[in-house]
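Asks: Quick one: this structure, given as structure tokens, is what I'll be asking you about.
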Amino acid sequence: MSLRTFILGLSASFGIAWLAVIVVPYFKMRDMAPIQLSEETDGTTGIFYPKRTGRVADGALVYAENGCYLCHTQVVRPTYAGNDLYRPDWGGLKDDGDRGDTRRETNAFDFTYEKFAQIGVSRLGPDLSNIGRRVESIYASKGDPATWLYAHLYNPRYRPELRASMCPSYRFMFEEKQIKGRRSLDALPFGGSETTELVPTSDAKALISYLLSLKKDQAVPAVLNFGPAKKDG
Amino acid sequence: MSSDSIPHPTQDALLRASIDRSLRHPVMFFMTSGAAWLAVSIILGIISSAKVHSPGFLDQCAWLTYGRTFPAHINALVYGWGFQAAFAVIIWLMARLSRQECRSAGIILTAGHIWNLAVSLGVIGILSGNGTGMPWMEFPSFTWPVLLASYFAIVVWSFIQFRVRPEGHVYISQWYILAAIVWFPWIFLTANLLLNCFPGHPVMGAGINAWYKSSLIFLFFTPVGLGAAYYLAPKVSGRPIHSYSLAKLGFWSLAIIAPWAGMQKLIGAPVPYFLPYVGAAATVLIFIPAACAGANILRTAFFSKEAVAESPSLRFSIAGVISLVVMGAAALLLNLPGSTLKLTQFSISGYGFELLALYAFFSFVMFGAIYFIVPRVTRREWLSRRLITMHFFFSIYGIMAVAMVALFGGLQQGMAQESWQLPWINAAISTRPYAWAATIAWCFILFSNVFFFIHLTLMWLRLGRRSSHPTLLVSSHGSSPHGSEGDIDNTGSGHAAAH
């Protein structure tokens, strides 16, 4: 076998796979067609365009830089690939008041405005696809969700029910400041002294805003809805 | 090949000596700086691993938070140690097997320094909070063109040496090394262009990243490791390779199967359905090339049980090749869609598998190669049998703990994750014993490598023994198990027609 044939063999064996699993899917996914809503099944027309509010882009950057993806995933797998959907608060909420059962699997539109989908590599902590929804409706249903998350970020073991958490403390995202006049609205309920308080830095604010934007349970068009058919309309 | 092309033994020995001399500085540079990065990586590995079960450990400082130390650890292991060990082996093996002196040691050394600078900036970038958040590609994005350019400046000479080699036989190690040289830039460029420069769909980005990790293991580290093992086993045992057809089967099955692997990590995520299944199928089939190469190399080495017992090079590389077979079996058992894949997908077995590949297989073979190459390029023998033995056994203990984590911890964690009736905290707690096991394993590995670092430094300072007897692990003064030089190079008993 000559060098040329050998290199050709290497290139062919690699190149075919490269085209099939990288290049073609890359372009297909990049140029994904928007989903047309239909009056019949979705009750409205136009195109499906999920809304998302908050500091998504710079929050995602803080999420990436501090390695949150090492322990937290952002994907709710369909039932053929895992039991994520059965958990009462992962894919949405089992009972979200008027909205009913909002649980659904992750779809390709859930990562709008992000450069890289933090699917994650391991679940040492829970999935965060709906952490924003979870905090608002369950953990901090009576208080301010941002304050709940700030406290959790500062000390993940602060609350008795989370004593076993292995999440690192992100104390370095907070700074101690002199209280001038009134206490800041986003100051932590603990820490500080008579004259000082712990306030989140800009990084912490971006991260919390991002986490609160993670509510991947909005209704999806019929073509993306793989949930079981509802018994009553 | 006719017999008159076999050079005279004395000329042959002179040529080998001049090749070794021409490569002394680049090879020793990559080995020592690689070992230094291994030390950095192990220390970061212990810190990050301890944080998984004791989150309060060193948590005051932003630089040492888990989310930064862990990527710094794995990137230092891959780019600092793995690549540099690979460079040392690639340039030395290719020069020896192509029978060419290295004429570009200066450029290689300069490029090596630039590579190290880029890795240092990358690790500092991660620790200071400027990582990109893409596994194994966390270095700030300015580093990748620098790494790629210095990569070319380091290995292009090996490619040229192969082109101008004397006519005749091409040895198996050369196939593997050429393949690694060709595949790596393709993989690296694809992943970096598509993720850093022209980001497409975010979920596809995650898929490309998963493919990149898998490709780096199977299409760079595996071929380099196998190239070295295919060289060392017959060379040290003094026997020709067991079967050339098996070697061919192993090589081409790797080339055909491995590029499809990787995206099984995205099963259930919104990517085209076929991608995770193709990835799972390919990863499962990796067992074939692993078993072919494993059987071939082990049968060759165990022709001479004495050599396996006595030679440090052979003992390390055999342990590495056995780990390769274990890795192939793990790939087979942990990636079955519908049964084990959903359990291991988001469990610690992912990290365990990476360590099985990077440390238990690749690094062990690299240690074997280092124990073989260093005495030749420095013209000194290793100082102490005891240091080598300590290095070997503590590394083995450490890596056995890691393999246990990979095979059992991930499955148990996955089962706890799937038990959706129980609160999540149960799944989180189920990881803890395995996290402890990983920390202990890293401590063993650190301990074992202290002996290696001391030994390598002494050799680098040219304080090795001036002796013509190699340092063996058994204290008999019998005949040298290294065989006569030239057995495997282009001449001698190992040159049965390859093609």
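As shown in the structure tokens, the chain order sets the letters A, B, ...; within each chain, residues go from 1, and ligands are also counted from 1 in the order they appear.
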Once you count only C-alpha atoms, which residues of chain B turn out to be within 6 Å of chain A? Could you give them as a list in words?
Replies: Pro55, Ala62, Gly67, Arg68, Gly129, Asn130, Gly131, Gly133, Gly200, His201, Pro202, Val203, Gly205, Ala206, Ala255, Ile256, Pro259, Trp260, Gly268, Pro270, Lys342, Phe346, Ser347, Glu418, Trp420 and Ala428 of chain B
Asks: Those residues with N, CA and C atoms, as an mmCIF file, in the first residue's frame please?
Replies:
data_model
loop_
_atom_site.group_PDB
_atom_site.id
_atom_site.type_symbol
_atom_site.label_atom_id
_atom_site.label_comp_id
_atom_site.auth_asym_id
_atom_site.auth_seq_id
_atom_site.Cartn_x
_atom_site.Cartn_y
_atom_site.Cartn_z
ATOM 1 N N PRO B 55 -17.689 19.534 50.142
ATOM 2 C CA PRO B 55 -17.760 20.794 49.397
ATOM 3 C C PRO B 55 -17.148 21.982 50.133
ATOM 4 N N ALA B 62 -12.210 32.006 44.650
ATOM 5 C CA ALA B 62 -12.859 31.793 43.360
ATOM 6 C C ALA B 62 -12.014 30.901 42.452
ATOM 7 N N GLY B 67 -15.957 24.158 39.852
ATOM 8 C CA GLY B 67 -16.241 24.378 38.443
ATOM 9 C C GLY B 67 -15.070 24.929 37.655
ATOM 10 N N ARG B 68 -14.003 25.304 38.330
ATOM 11 C CA ARG B 68 -12.797 25.750 37.613
ATOM 12 C C ARG B 68 -11.663 24.744 37.793
ATOM 13 N N GLY B 129 -11.465 32.117 35.680
ATOM 14 C CA GLY B 129 -12.868 32.322 35.328
ATOM 15 C C GLY B 129 -13.080 32.789 33.911
ATOM 16 N N ASN B 130 -12.221 32.378 32.992
ATOM 17 C CA ASN B 130 -12.422 32.731 31.593
ATOM 18 C C ASN B 130 -12.577 31.501 30.710
ATOM 19 N N GLY B 131 -12.979 30.396 31.314
ATOM 20 C CA GLY B 131 -13.183 29.176 30.540
ATOM 21 C C GLY B 131 -14.370 29.318 29.605
ATOM 22 N N GLY B 133 -16.562 26.849 28.909
ATOM 23 C CA GLY B 133 -17.718 26.062 29.316
ATOM 24 C C GLY B 133 -18.024 24.900 28.393
ATOM 25 N N GLY B 200 -23.352 27.129 15.361
ATOM 26 C CA GLY B 200 -24.613 26.830 14.690
ATOM 27 C C GLY B 200 -25.704 26.716 15.730
ATOM 28 N N HIS B 201 -26.443 25.619 15.687
ATOM 29 C CA HIS B 201 -27.485 25.424 16.687
ATOM 30 C C HIS B 201 -26.839 25.026 18.017
ATOM 31 N N PRO B 202 -27.300 25.613 19.130
ATOM 32 C CA PRO B 202 -26.638 25.314 20.406
ATOM 33 C C PRO B 202 -26.615 23.829 20.776
ATOM 34 N N VAL B 203 -27.672 23.100 20.451
ATOM 35 C CA VAL B 203 -27.682 21.682 20.844
ATOM 36 C C VAL B 203 -26.720 20.877 19.977
ATOM 37 N N GLY B 205 -24.081 22.084 18.870
ATOM 38 C CA GLY B 205 -22.789 22.433 19.457
ATOM 39 C C GLY B 205 -22.413 21.440 20.545
ATOM 40 N N ALA B 206 -23.376 21.123 21.409
ATOM 41 C CA ALA B 206 -23.105 20.152 22.471
ATOM 42 C C ALA B 206 -22.764 18.789 21.864
ATOM 43 N N ALA B 255 -10.222 2.707 12.493
ATOM 44 C CA ALA B 255 -10.383 3.836 11.576
ATOM 45 C C ALA B 255 -11.820 3.972 11.101
ATOM 46 N N ILE B 256 -12.492 2.839 10.929
ATOM 47 C CA ILE B 256 -13.843 2.904 10.375
ATOM 48 C C ILE B 256 -14.880 3.148 11.467
ATOM 49 N N PRO B 259 -14.675 7.192 14.233
ATOM 50 C CA PRO B 259 -15.173 8.541 13.939
ATOM 51 C C PRO B 259 -16.675 8.706 14.132
ATOM 52 N N TRP B 260 -17.423 7.616 14.230
ATOM 53 C CA TRP B 260 -18.869 7.719 14.406
ATOM 54 C C TRP B 260 -19.247 7.855 15.882
ATOM 55 N N GLY B 268 -31.684 11.489 23.911
ATOM 56 C CA GLY B 268 -32.768 12.170 24.604
ATOM 57 C C GLY B 268 -32.752 13.672 24.419
ATOM 58 N N PRO B 270 -32.563 17.148 22.040
ATOM 59 C CA PRO B 270 -33.158 17.401 20.728
ATOM 60 C C PRO B 270 -32.144 17.538 19.598
ATOM 61 N N LYS B 342 -28.849 4.848 29.497
ATOM 62 C CA LYS B 342 -29.602 5.850 30.255
ATOM 63 C C LYS B 342 -29.099 5.951 31.686
ATOM 64 N N PHE B 346 -25.444 10.397 32.391
ATOM 65 C CA PHE B 346 -25.106 11.557 33.222
ATOM 66 C C PHE B 346 -24.529 11.123 34.566
ATOM 67 N N SER B 347 -23.666 10.121 34.540
ATOM 68 C CA SER B 347 -23.123 9.638 35.809
ATOM 69 C C SER B 347 -21.609 9.791 35.813
ATOM 70 N N GLU B 418 -32.616 7.137 38.192
ATOM 71 C CA GLU B 418 -33.822 6.701 37.506
ATOM 72 C C GLU B 418 -34.983 6.439 38.474
ATOM 73 N N TRP B 420 -37.392 7.648 40.150
ATOM 74 C CA TRP B 420 -38.024 8.962 40.221
ATOM 75 C C TRP B 420 -38.987 9.090 41.386
ATOM 76 N N ALA B 428 -28.166 11.928 44.641
ATOM 77 C CA ALA B 428 -26.954 12.715 44.871
ATOM 78 C C ALA B 428 -26.072 12.020 45.905
#
Asks: For Ser349 in chain B, please output as a PyMOL selection string all residues within 7 Å (counting only C-alpha atoms; exclusion window: fewer than 5 positions along the same chain).
Replies: chain B and resi 344+405-407+409-410
Asks: Write out as a VMD selection string each polymer residue whose atoms come within 9 Å of Val402 in chain B, counting only C-alpha atoms; drop sequence neighbours fewer than 5 positions from it.
Replies: chain B and resid 352 to 353 355 to 356 360 397 407 434 437 to 438 441 to 442
Asks: Next, dump the selected residues to file, keeping only C-alpha atoms, as a compact mmCIF listing (two decimals), in the first residue's frame.
Replies:
# COMPACT_ATOMS: atom_id res chain seq x y z
CA GLY B 352 -14.21 7.13 34.97
CA PHE B 353 -14.17 6.06 31.35
CA LEU B 355 -9.54 8.21 33.04
CA LEU B 356 -9.54 4.58 31.97
CA ALA B 360 -4.97 3.38 32.62
CA TYR B 397 -3.87 0.52 42.77
CA LEU B 407 -17.89 0.33 35.96
CA TYR B 434 -17.41 6.61 44.68
CA ALA B 437 -12.83 6.26 45.97
CA ALA B 438 -11.82 8.71 43.26
CA ALA B 441 -7.26 6.84 43.77
CA TRP B 442 -5.84 10.24 42.89
Asks: Just want the 9 Å neighbourhood of Ser215 in chain B, counted on only C-alpha atoms, with same-chain residues fewer than 4 positions away dropped. Output as number ranges by chain.
Replies: B: 183-184, 187, 210-211, 219-221, 258-262
Asks: Chain A: which residues are helix (DSSP H, G or I) by DSSP, as a PyMOL selection string?
Replies: chain A and resi 3-30+39-42+56-65+68-70+79-81+84-86+97-99+108-111+131-139+145-154+160-162+171-173+202-212+222-224
Asks: Leaving out range 184-189 of chain A and any residue of its chain fewer than 5 positions from it, which residues lie within 12 Å of it when counting only C-alpha atoms, given as a short mmCIF file (atom, residue, chain, number, x, y, z; two decimals) with N, CA and C atoms, in the first residue's frame?
Replies:
data_model
loop_
_atom_site.label_atom_id
_atom_site.label_comp_id
_atom_site.auth_asym_id
_atom_site.auth_seq_id
_atom_site.Cartn_x
_atom_site.Cartn_y
_atom_site.Cartn_z
N ASP A 144 -39.31 35.97 47.62
CA ASP A 144 -38.72 36.44 46.38
C ASP A 144 -37.79 35.37 45.81
N PRO A 145 -38.07 34.88 44.58
CA PRO A 145 -37.24 33.81 44.02
C PRO A 145 -35.76 34.18 43.92
N ALA A 146 -35.47 35.43 43.55
CA ALA A 146 -34.07 35.83 43.40
C ALA A 146 -33.35 35.74 44.75
N THR A 147 -34.01 36.20 45.81
CA THR A 147 -33.39 36.14 47.14
C THR A 147 -33.12 34.70 47.54
N TRP A 148 -34.08 33.82 47.24
CA TRP A 148 -33.89 32.40 47.56
C TRP A 148 -32.63 31.88 46.87
N LEU A 149 -32.51 32.22 45.59
CA LEU A 149 -31.36 31.71 44.83
C LEU A 149 -30.05 32.34 45.29
N TYR A 150 -30.09 33.64 45.66
CA TYR A 150 -28.86 34.27 46.16
C TYR A 150 -28.38 33.55 47.41
N ALA A 151 -29.32 33.28 48.31
CA ALA A 151 -28.94 32.60 49.55
C ALA A 151 -28.39 31.21 49.24
N HIS A 152 -29.02 30.53 48.28
CA HIS A 152 -28.56 29.19 47.91
C HIS A 152 -27.16 29.24 47.30
N LEU A 153 -26.94 30.26 46.51
CA LEU A 153 -25.64 30.40 45.85
C LEU A 153 -24.55 30.68 46.89
N TYR A 154 -24.91 31.49 47.90
CA TYR A 154 -23.93 31.85 48.91
C TYR A 154 -23.60 30.65 49.78
N ASN A 155 -24.63 29.95 50.19
CA ASN A 155 -24.40 28.75 50.99
C ASN A 155 -25.46 27.70 50.66
N TYR A 158 -27.49 26.10 53.50
CA TYR A 158 -28.08 27.04 54.45
C TYR A 158 -29.41 26.53 54.98
N ARG A 171 -19.47 32.03 47.47
CA ARG A 171 -19.29 33.23 48.28
C ARG A 171 -18.53 34.32 47.55
N PHE A 174 -20.14 37.41 46.03
CA PHE A 174 -20.82 38.40 46.88
C PHE A 174 -19.78 39.30 47.51
N GLU A 175 -20.16 40.51 47.79
CA GLU A 175 -19.22 41.39 48.47
C GLU A 175 -19.88 42.05 49.67
N GLU A 176 -19.04 42.34 50.67
CA GLU A 176 -19.56 42.97 51.88
C GLU A 176 -19.49 44.48 51.68
N LYS A 177 -20.61 45.14 51.87
CA LYS A 177 -20.65 46.58 51.62
C LYS A 177 -21.20 47.31 52.83
N GLN A 178 -20.77 48.56 52.99
CA GLN A 178 -21.33 49.42 54.03
C GLN A 178 -22.80 49.70 53.72
N ILE A 179 -23.62 49.63 54.74
CA ILE A 179 -25.02 50.01 54.52
C ILE A 179 -25.09 51.53 54.53
N THR A 196 -22.74 46.57 57.88
CA THR A 196 -22.45 46.07 56.52
C THR A 196 -23.46 45.02 56.12
N GLU A 197 -23.48 44.74 54.82
CA GLU A 197 -24.38 43.71 54.29
C GLU A 197 -23.69 42.99 53.14
N LEU A 198 -24.19 41.78 52.85
CA LEU A 198 -23.63 41.02 51.74
C LEU A 198 -24.50 41.24 50.52
N VAL A 199 -23.90 41.77 49.46
CA VAL A 199 -24.69 41.99 48.25
C VAL A 199 -24.08 41.23 47.08
N PRO A 200 -24.93 40.77 46.15
CA PRO A 200 -24.41 40.03 45.00
C PRO A 200 -23.62 40.93 44.07
N THR A 201 -22.59 40.37 43.45
CA THR A 201 -21.86 41.11 42.43
C THR A 201 -22.62 41.01 41.12
N SER A 202 -22.08 41.69 40.12
CA SER A 202 -22.74 41.68 38.81
C SER A 202 -22.82 40.26 38.24
N ALA A 204 -23.10 37.44 39.95
CA ALA A 204 -24.17 36.71 40.64
C ALA A 204 -25.53 37.15 40.11
N LYS A 205 -25.68 38.44 39.85
CA LYS A 205 -26.97 38.92 39.34
C LYS A 205 -27.27 38.33 37.97
N ILE A 208 -28.16 34.57 38.37
CA ILE A 208 -29.49 34.33 38.93
C ILE A 208 -30.57 34.70 37.92
#
Asks: I need the residues in chain A that are strand (DSSP E or B) according to DSSP; give them as a list in words.
Replies: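 Across chain A, those assigned strand (DSSP E or B) are Gln36, Leu37, Gly46, Ile47, Phe174, Glu175, Glu176, Lys177, Gln178, Thr196, Glu197, Leu198, Val199 and Pro200 of chain A.
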Asks: Using Å and a single decimal, report how far CA of Cys443 in chain B sits from CA of Val52 in chain B.
Replies: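 One can read the CA of Val52 in chain B to CA of Cys443 in chain B distance as 14.8 Å.
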Asks: Would you list the contacts of Arg104 in chain A as a PyMOL selection string, taking every protein, DNA or RNA residue within 9 Å and counting only C-alpha atoms, but skipping same-chain residues closer than 3 positions in sequence?
Replies: chain A and resi 76-78+85+90-92+101+107+216-220+225-227
Asks: Pull N, CA and C atoms from the residues just selected and write them as a PDB file, in the first residue's frame.
Replies:
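This went into result.pdb:
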ATOM      1  N   VAL A  76     -34.328  17.427  29.674  1.00  0.00           N
ATOM      2  CA  VAL A  76     -35.310  16.482  30.200  1.00  0.00           C
ATOM      3  C   VAL A  76     -35.533  15.469  29.095  1.00  0.00           C
ATOM      4  N   ARG A  77     -35.082  14.238  29.359  1.00  0.00           N
ATOM      5  CA  ARG A  77     -35.085  13.248  28.286  1.00  0.00           C
ATOM      6  C   ARG A  77     -36.478  12.660  28.107  1.00  0.00           C
ATOM      7  N   PRO A  78     -36.826  12.274  26.879  1.00  0.00           N
ATOM      8  CA  PRO A  78     -38.085  11.566  26.662  1.00  0.00           C
ATOM      9  C   PRO A  78     -38.044  10.226  27.406  1.00  0.00           C
ATOM     10  N   LEU A  85     -38.980  12.590  32.978  1.00  0.00           N
ATOM     11  CA  LEU A  85     -40.302  13.203  32.888  1.00  0.00           C
ATOM     12  C   LEU A  85     -41.213  12.801  34.035  1.00  0.00           C
ATOM     13  N   TRP A  90     -39.358  18.286  37.266  1.00  0.00           N
ATOM     14  CA  TRP A  90     -38.210  18.458  36.365  1.00  0.00           C
ATOM     15  C   TRP A  90     -38.615  18.994  35.002  1.00  0.00           C
ATOM     16  N   GLY A  91     -39.544  18.323  34.358  1.00  0.00           N
ATOM     17  CA  GLY A  91     -39.907  18.726  33.002  1.00  0.00           C
ATOM     18  C   GLY A  91     -40.933  19.839  32.995  1.00  0.00           C
ATOM     19  N   GLY A  92     -41.268  20.359  34.160  1.00  0.00           N
ATOM     20  CA  GLY A  92     -42.343  21.324  34.323  1.00  0.00           C
ATOM     21  C   GLY A  92     -42.908  21.030  35.694  1.00  0.00           C
ATOM     22  N   ASP A 101     -50.842  19.905  34.217  1.00  0.00           N
ATOM     23  CA  ASP A 101     -49.546  19.229  34.179  1.00  0.00           C
ATOM     24  C   ASP A 101     -48.733  19.818  33.028  1.00  0.00           C
ATOM     25  N   ASN A 107     -36.983  20.611  23.956  1.00  0.00           N
ATOM     26  CA  ASN A 107     -36.935  20.652  22.495  1.00  0.00           C
ATOM     27  C   ASN A 107     -35.861  21.620  22.023  1.00  0.00           C
ATOM     28  N   LYS A 216     -38.545  25.797  31.037  1.00  0.00           N
ATOM     29  CA  LYS A 216     -38.775  25.134  29.755  1.00  0.00           C
ATOM     30  C   LYS A 216     -40.022  24.277  29.825  1.00  0.00           C
ATOM     31  N   ASP A 217     -41.103  24.913  30.191  1.00  0.00           N
ATOM     32  CA  ASP A 217     -42.350  24.146  30.292  1.00  0.00           C
ATOM     33  C   ASP A 217     -43.504  24.853  29.589  1.00  0.00           C
ATOM     34  N   GLN A 218     -43.180  25.875  28.770  1.00  0.00           N
ATOM     35  CA  GLN A 218     -44.281  26.537  28.074  1.00  0.00           C
ATOM     36  C   GLN A 218     -44.895  25.587  27.049  1.00  0.00           C
ATOM     37  N   ALA A 219     -46.148  25.870  26.691  1.00  0.00           N
ATOM     38  CA  ALA A 219     -46.838  24.991  25.748  1.00  0.00           C
ATOM     39  C   ALA A 219     -46.104  24.988  24.414  1.00  0.00           C
ATOM     40  N   VAL A 220     -46.081  23.842  23.767  1.00  0.00           N
ATOM     41  CA  VAL A 220     -45.402  23.749  22.480  1.00  0.00           C
ATOM     42  C   VAL A 220     -46.420  23.443  21.391  1.00  0.00           C
ATOM     43  N   ASN A 225     -45.377  18.274  20.367  1.00  0.00           N
ATOM     44  CA  ASN A 225     -45.939  17.774  21.613  1.00  0.00           C
ATOM     45  C   ASN A 225     -46.040  16.256  21.588  1.00  0.00           C
ATOM     46  N   PHE A 226     -45.153  15.637  22.335  1.00  0.00           N
ATOM     47  CA  PHE A 226     -45.136  14.175  22.337  1.00  0.00           C
ATOM     48  C   PHE A 226     -45.791  13.613  23.601  1.00  0.00           C
ATOM     49  N   GLY A 227     -46.439  14.489  24.364  1.00  0.00           N
ATOM     50  CA  GLY A 227     -47.075  14.040  25.603  1.00  0.00           C
ATOM     51  C   GLY A 227     -48.266  13.150  25.301  1.00  0.00           C
TER      52      GLY A 227
END
Asks: Skipping near chain neighbours, those fewer than 4 positions away, what residues fall within 6 Å of His73 in chain B using only C-alpha atoms, listed as a PDB file with N, CA and C atoms, in the first residue's frame?
Replies:
ATOM      1  N   SER B  41      -1.823  18.462  37.024  1.00  0.00           N
ATOM      2  CA  SER B  41      -3.144  17.897  36.803  1.00  0.00           C
ATOM      3  C   SER B  41      -3.573  17.004  37.967  1.00  0.00           C
ATOM      4  N   LEU B  44      -4.564  19.206  40.931  1.00  0.00           N
ATOM      5  CA  LEU B  44      -5.892  19.780  40.687  1.00  0.00           C
ATOM      6  C   LEU B  44      -6.964  18.701  40.759  1.00  0.00           C
ATOM      7  N   GLY B  45      -6.612  17.481  40.322  1.00  0.00           N
ATOM      8  CA  GLY B  45      -7.560  16.367  40.366  1.00  0.00           C
ATOM      9  C   GLY B  45      -7.916  16.016  41.794  1.00  0.00           C
ATOM     10  N   THR B  69     -11.512  24.189  39.005  1.00  0.00           N
ATOM     11  CA  THR B  69     -10.396  23.251  39.187  1.00  0.00           C
ATOM     12  C   THR B  69     -10.600  21.994  38.355  1.00  0.00           C
TER      13      THR B  69
END
